[in-house]
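Novice: Can you read through this structure? Questions will come right after.
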Amino acid sequence: MSKIKNKSKNKVEEELSEYLTDDAGTKRINWFPGHMNKAVKKIKERLKQVDIVLEIRDARSPLATGNKVINDSLGEKSRLIVLNKTNLADPEVIKLWQVWFEAQETPFVFINCFDKNSLLKITQNAKKIVKEKRLKSNPDKEPRSKLRMMIIGLPNTGKSTIINKLANRNATKVADKPGQTRLQLWVKVDNDLELLDTPGVMPPKIDKYEHGLWLAALNSIPEKIVNQEDSSCFVIEHLIKTNPEGFQTHYKIETLDTDLVGILNQIAKSRGCIKKKNEYDYDRVYKMILLDLRSGDLGPVSFGIPPKLKN
């Protein structure tokens, strides 16, 4: 916290809300800067301007990348949960989530935003949801074709990429750093479809420490909140449990029968992450692991399985 002592209160609130903390003996990771609080208010104000809200989540962690605070504020507004990046998630775990979401009776769709046919599922499902609601509320009224959709979600779940792919142009800036989008922007796809882009908004509180690590690994939380060492070491431990053979093969690790430092040393050696005086460059290893995870080079990965369904 000493790094921010000389900054103004407003600047501190704009950059972050809490570092890694220990609250009543329980570790927590929270990141809810001032611009996100403003964004939540703007989202509520603009709900009347749209027909449906698309909530973009990361298919690798469908619950942790949701935002209950925003969802609760949507009221009766039509909503479609879009679980993006299926190409990076474990397909067997996705099947479990599909069963779970179906039981929740909330409209959802799993997509890969870089696949055109997959992307079409968004507009097809959204139009169907809005049409059914309009027919139910005004069965005698002639349906209109124009559709306005609001895009919400956590940072780096793929909101801007989805908008650009739907609009078939670079309508919004795509950034690889969480919290870069600050403004709300209307994007016209065609005469019958308009999208309202909104800034990535985190939940004010992340209940579980582990979920915070998941979000940091997926690049929804910036390094100033969770450093690369914590994120990458978490990823290593997760992959050793879920895909040890693939992890060992990818980094040409001789043995996993060692501690975390031993594994880091083997990765550094096999990938040439060596500093002067033959010291291992751990910072390069941390960065490499996170980049490999986020690009899919470590194979399909999922964080968490669905909660048990109630009978």
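Residue numbering restarts at 1 for every chain of the structure tokens, chains are lettered A, B, ... in their displayed order, and ligands are numbered from 1 as they appear.
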Give me, as a PyMOL selection string, all polymer residues having an atom no more than 8 Å from Asn191 (chain A), counting only C-alpha atoms and skipping those fewer than 3 positions away in the same chain.
Specialist: chain A and resi 146+188+194
Novice: Those same residues - N, CA, C and O atoms - I'd like them written as a PDB file, in the first residue's frame.
Specialist:
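Okay, again-v3.pdb is ready:
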ATOM      1  N   LYS A 146     -36.534  -4.171 -35.595  1.00  0.00           N
ATOM      2  CA  LYS A 146     -35.345  -3.538 -35.029  1.00  0.00           C
ATOM      3  C   LYS A 146     -35.060  -4.061 -33.624  1.00  0.00           C
ATOM      4  O   LYS A 146     -35.963  -4.249 -32.821  1.00  0.00           O
ATOM      5  N   LYS A 188     -23.757   0.503 -34.616  1.00  0.00           N
ATOM      6  CA  LYS A 188     -24.794   0.078 -35.547  1.00  0.00           C
ATOM      7  C   LYS A 188     -24.278  -1.073 -36.394  1.00  0.00           C
ATOM      8  O   LYS A 188     -23.302  -0.923 -37.134  1.00  0.00           O
ATOM      9  N   GLU A 194     -28.640  -2.737 -33.337  1.00  0.00           N
ATOM     10  CA  GLU A 194     -27.697  -1.822 -32.709  1.00  0.00           C
ATOM     11  C   GLU A 194     -27.218  -2.423 -31.394  1.00  0.00           C
ATOM     12  O   GLU A 194     -27.994  -3.074 -30.683  1.00  0.00           O
TER      13      GLU A 194
END
Novice: Which of region 183-251 of chain A counts as helix (DSSP H, G or I) under DSSP, as a count of residues only please?
Specialist: 31
Novice: Rank nothing, just name the residue among A:Glu45, A:Asp207, A:Asp51, A:Asp115 nearest to Glu132 (chain A), using only C-alpha atoms.
Specialist: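 For Glu132 (chain A), the nearest of the given residues is A:Asp51.
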Novice: Write out as a ChimeraX atom specification the residues lying within 9 Å of region 96-99 of chain A, counting only C-alpha atoms and excluding same-chain residues fewer than 6 positions away.
Specialist: /A:59,62,108-110,305-306
Novice: Which is closest to Trp186 (chain A) among A:Met150, A:Leu47, A:Ile56, A:Ile253, if we use only C-alpha atoms?
Specialist: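 Using only C-alpha atoms, the shortest distance to Trp186 (chain A) belongs to A:Met150.
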Novice: Pick out the residues sitting within 9 Å of Lys127 (chain A), and hand them over as a ChimeraX atom specification; count only C-alpha atoms, and ignore anything fewer than 4 positions along from it in its own chain.
Specialist: /A:52,122-123,131-132,145,147
Novice: Can you list, as a ChimeraX atom specification, all residues belonging to region 53-295 of chain A that DSSP tags as strand (DSSP E)?
Specialist: /A:53-58,78-84,108-110,147-153,185-190,193-197
Novice: Considering only C-alpha atoms, state which residue in the set A:His35, A:Arg134, A:Lys205, A:Lys128 is at the smallest distance from Val69 (chain A).
Specialist: A:Lys205
